[in-house]
>>> print(open('entry_12.cif').read())   # mmCIF, C-alpha atoms
data_final
#
loop_
_atom_site.group_PDB
_atom_site.id
_atom_site.type_symbol
_atom_site.label_atom_id
_atom_site.label_comp_id
_atom_site.auth_asym_id
_atom_site.auth_seq_id
_atom_site.Cartn_x
_atom_site.Cartn_y
_atom_site.Cartn_z
ATOM 1 C CA MET F 1 -15.870 25.067 -4.695
ATOM 2 C CA GLU F 2 -13.369 23.130 -6.809
ATOM 3 C CA ASN F 3 -9.658 23.478 -6.406
ATOM 4 C CA LYS F 4 -7.460 24.449 -9.340
ATOM 5 C CA LYS F 5 -6.127 20.946 -10.033
ATOM 6 C CA THR F 6 -9.511 19.280 -10.413
ATOM 7 C CA ALA F 7 -10.772 22.188 -12.524
ATOM 8 C CA ALA F 8 -7.744 21.890 -14.808
ATOM 9 C CA ALA F 9 -8.098 18.103 -14.989
ATOM 10 C CA LYS F 10 -11.754 18.345 -15.987
ATOM 11 C CA GLU F 11 -10.929 21.025 -18.524
ATOM 12 C CA TYR F 12 -8.533 18.691 -20.341
ATOM 13 C CA GLY F 13 -10.848 15.715 -20.082
ATOM 14 C CA GLY F 14 -8.818 13.932 -17.407
ATOM 15 C CA ASP F 15 -9.782 12.865 -13.945
ATOM 16 C CA ASP F 16 -7.684 12.935 -10.772
ATOM 17 C CA LYS F 17 -8.252 9.217 -10.293
ATOM 18 C CA THR F 18 -6.925 8.305 -13.741
ATOM 19 C CA LYS F 19 -3.646 10.190 -13.267
ATOM 20 C CA LYS F 20 -0.579 8.038 -12.789
ATOM 21 C CA VAL F 21 1.304 8.611 -9.594
ATOM 22 C CA ARG F 22 4.967 9.273 -10.303
ATOM 23 C CA ARG F 23 7.231 8.012 -7.578
ATOM 24 C CA PRO F 24 10.825 9.181 -7.302
ATOM 25 C CA GLN F 25 13.322 6.581 -8.445
ATOM 26 C CA LYS F 26 15.690 4.957 -6.018
ATOM 27 C CA ARG F 27 18.821 7.085 -5.675
ATOM 28 C CA LYS F 28 21.887 5.538 -7.280
ATOM 29 C CA VAL F 29 24.923 5.224 -5.052
ATOM 30 C CA CYS F 30 28.467 5.781 -6.283
ATOM 31 C CA GLU F 31 30.130 2.380 -6.709
ATOM 32 C CA PHE F 32 33.564 3.806 -5.913
ATOM 33 C CA CYS F 33 32.393 5.450 -2.657
ATOM 34 C CA GLU F 34 30.525 2.306 -1.670
ATOM 35 C CA LYS F 35 33.603 0.084 -2.102
ATOM 36 C CA GLY F 36 35.992 2.628 -0.571
ATOM 37 C CA ILE F 37 38.009 3.253 -3.725
ATOM 38 C CA ALA F 38 39.725 6.633 -3.319
ATOM 39 C CA VAL F 39 41.340 6.906 -6.763
ATOM 40 C CA VAL F 40 40.038 5.509 -10.064
ATOM 41 C CA ASP F 41 42.930 3.749 -11.795
ATOM 42 C CA TYR F 42 43.178 3.702 -15.595
ATOM 43 C CA LYS F 43 44.757 0.230 -15.483
ATOM 44 C CA ASP F 44 41.617 -1.264 -13.933
ATOM 45 C CA VAL F 45 40.004 -1.815 -17.334
ATOM 46 C CA THR F 46 37.337 -4.264 -16.151
ATOM 47 C CA ARG F 47 35.840 -1.671 -13.803
ATOM 48 C CA ILE F 48 36.230 1.258 -16.231
ATOM 49 C CA ARG F 49 34.642 -0.632 -19.140
ATOM 50 C CA LYS F 50 31.268 -0.544 -17.360
ATOM 51 C CA TYR F 51 31.242 3.240 -17.703
ATOM 52 C CA VAL F 52 31.858 3.302 -21.471
ATOM 53 C CA THR F 53 29.093 2.597 -24.004
ATOM 54 C CA GLU F 54 29.392 0.240 -26.961
ATOM 55 C CA LYS F 55 30.075 3.229 -29.181
ATOM 56 C CA GLY F 56 32.935 4.326 -26.930
ATOM 57 C CA LYS F 57 31.249 7.242 -25.163
ATOM 58 C CA ILE F 58 31.727 7.875 -21.449
ATOM 59 C CA VAL F 59 28.465 7.385 -19.545
ATOM 60 C CA SER F 60 27.139 10.473 -17.761
ATOM 61 C CA ALA F 61 27.137 10.734 -13.980
ATOM 62 C CA ARG F 62 23.373 10.810 -14.003
ATOM 63 C CA ALA F 63 23.213 7.437 -15.741
ATOM 64 C CA SER F 64 26.161 5.819 -13.955
ATOM 65 C CA GLY F 65 25.321 7.060 -10.462
ATOM 66 C CA CYS F 66 28.863 8.241 -9.729
ATOM 67 C CA CYS F 67 29.463 11.217 -7.491
ATOM 68 C CA ALA F 68 31.043 14.316 -9.051
ATOM 69 C CA ARG F 69 34.500 13.587 -7.678
ATOM 70 C CA HIS F 70 34.655 10.030 -8.973
ATOM 71 C CA GLN F 71 33.027 10.994 -12.283
ATOM 72 C CA ARG F 72 35.895 13.436 -12.934
ATOM 73 C CA GLN F 73 38.458 10.775 -11.987
ATOM 74 C CA LEU F 74 36.644 8.249 -14.164
ATOM 75 C CA THR F 75 36.757 10.574 -17.180
ATOM 76 C CA VAL F 76 40.512 11.093 -16.803
ATOM 77 C CA ALA F 77 41.047 7.345 -16.323
ATOM 78 C CA VAL F 78 39.049 6.467 -19.470
ATOM 79 C CA LYS F 79 40.975 9.024 -21.526
ATOM 80 C CA ARG F 80 44.307 7.706 -20.252
ATOM 81 C CA ALA F 81 43.259 4.107 -20.923
ATOM 82 C CA ARG F 82 42.371 5.092 -24.492
ATOM 83 C CA VAL F 83 45.775 6.677 -25.064
ATOM 84 C CA MET F 84 47.491 3.585 -23.625
ATOM 85 C CA ALA F 85 45.364 1.426 -25.994
ATOM 86 C CA LEU F 86 43.634 -0.384 -23.123
ATOM 87 C CA LEU F 87 40.241 0.904 -24.307
ATOM 88 C CA PRO F 88 39.136 1.757 -27.838
ATOM 89 C CA PHE F 89 38.437 5.358 -28.824
ATOM 90 C CA LYS F 90 35.518 4.270 -30.936
ATOM 91 C CA GLY F 91 33.197 1.258 -30.789
ATOM 92 C CA GLU F 92 32.726 -1.092 -33.683
#
>>> encode(input="entry_12.cif", output="structure tokens")
Amino acid sequence: MENKKTAAAKEYGGDDKTKKVRRPQKRKVCEFCEKGIAVVDYKDVTRIRKYVTEKGKIVSARASGCCARHQRQLTVAVKRARVMALLPFKGE
């Protein structure tokens, strides 16, 4: 008796052996937590610039690997840096 997976694989012309095994990616660690930075400062432009794309968008937490707390602080810091003209609102 065949199990459901092999029956489904044969039905679509695939084989269990030809399937690619998908491994979970390595979990990203928050850079701010790792270095012990409690508050993200808007004046630290070199660190903040890594979290802004060339077009001027703030990188998502999923892509940057920041925890929720630091992602919120990062967003506020980027917006403040833009107002203070330390970062551009729009890329070139």
>>> residues_around(input="entry_12.cif", residues="Ile48 in chain F", least_positions_apart="2", cutoff="10 Å", atoms="only C-alpha atoms", output="MDAnalysis selection string")
chainID F and resid 40:46 50:52 58 74:75 77:78 81 87
>>> write_last_selection(input="entry_12.cif", atoms="C-alpha atoms", output="mmCIF file, keeping the file's coordinate frame")
data_model
loop_
_atom_site.group_PDB
_atom_site.id
_atom_site.type_symbol
_atom_site.label_atom_id
_atom_site.label_comp_id
_atom_site.auth_asym_id
_atom_site.auth_seq_id
_atom_site.Cartn_x
_atom_site.Cartn_y
_atom_site.Cartn_z
ATOM 1 C CA VAL F 40 40.038 5.509 -10.064
ATOM 2 C CA ASP F 41 42.930 3.749 -11.795
ATOM 3 C CA TYR F 42 43.178 3.702 -15.595
ATOM 4 C CA LYS F 43 44.757 0.230 -15.483
ATOM 5 C CA ASP F 44 41.617 -1.264 -13.933
ATOM 6 C CA VAL F 45 40.004 -1.815 -17.334
ATOM 7 C CA THR F 46 37.337 -4.264 -16.151
ATOM 8 C CA LYS F 50 31.268 -0.544 -17.360
ATOM 9 C CA TYR F 51 31.242 3.240 -17.703
ATOM 10 C CA VAL F 52 31.858 3.302 -21.471
ATOM 11 C CA ILE F 58 31.727 7.875 -21.449
ATOM 12 C CA LEU F 74 36.644 8.249 -14.164
ATOM 13 C CA THR F 75 36.757 10.574 -17.180
ATOM 14 C CA ALA F 77 41.047 7.345 -16.323
ATOM 15 C CA VAL F 78 39.049 6.467 -19.470
ATOM 16 C CA ALA F 81 43.259 4.107 -20.923
ATOM 17 C CA LEU F 87 40.241 0.904 -24.307
#
>>> atom_distance(input="entry_12.cif", atom1="CA of Lys90 in chain F", atom2="CA of Lys55 in chain F")
5.8 Å
>>> resolve_selection(input="entry_12.cif", expression="the PyMOL selection byres ((chain F and resi 65-70) around 9)", output="PDB file with C-alpha atoms, in the coordinates of the input")
ATOM      1  CA  ARG F  27      18.821   7.085  -5.675  1.00  0.00           C
ATOM      2  CA  LYS F  28      21.887   5.538  -7.280  1.00  0.00           C
ATOM      3  CA  VAL F  29      24.923   5.224  -5.052  1.00  0.00           C
ATOM      4  CA  CYS F  30      28.467   5.781  -6.283  1.00  0.00           C
ATOM      5  CA  GLU F  31      30.130   2.380  -6.709  1.00  0.00           C
ATOM      6  CA  PHE F  32      33.564   3.806  -5.913  1.00  0.00           C
ATOM      7  CA  CYS F  33      32.393   5.450  -2.657  1.00  0.00           C
ATOM      8  CA  ALA F  38      39.725   6.633  -3.319  1.00  0.00           C
ATOM      9  CA  VAL F  39      41.340   6.906  -6.763  1.00  0.00           C
ATOM     10  CA  VAL F  40      40.038   5.509 -10.064  1.00  0.00           C
ATOM     11  CA  SER F  60      27.139  10.473 -17.761  1.00  0.00           C
ATOM     12  CA  ALA F  61      27.137  10.734 -13.980  1.00  0.00           C
ATOM     13  CA  ARG F  62      23.373  10.810 -14.003  1.00  0.00           C
ATOM     14  CA  ALA F  63      23.213   7.437 -15.741  1.00  0.00           C
ATOM     15  CA  SER F  64      26.161   5.819 -13.955  1.00  0.00           C
ATOM     16  CA  GLN F  71      33.027  10.994 -12.283  1.00  0.00           C
ATOM     17  CA  ARG F  72      35.895  13.436 -12.934  1.00  0.00           C
ATOM     18  CA  GLN F  73      38.458  10.775 -11.987  1.00  0.00           C
ATOM     19  CA  LEU F  74      36.644   8.249 -14.164  1.00  0.00           C
ATOM     20  CA  THR F  75      36.757  10.574 -17.180  1.00  0.00           C
TER      21      THR F  75
END
>>> atom_distance(input="entry_12.cif", atom1="CA of Leu86 in chain F", atom2="CA of Gly56 in chain F")
12.3 Å
>>> atom_distance(input="entry_12.cif", atom1="CA of Pro88 in chain F", atom2="CA of Arg47 in chain F")
14.8 Å
>>> closest_residue(input="entry_12.cif", among="F:Gly91, F:Gln25, F:Glu34, F:Arg80", to="Thr53 in chain F", atoms="only C-alpha atoms")
F:Gly91
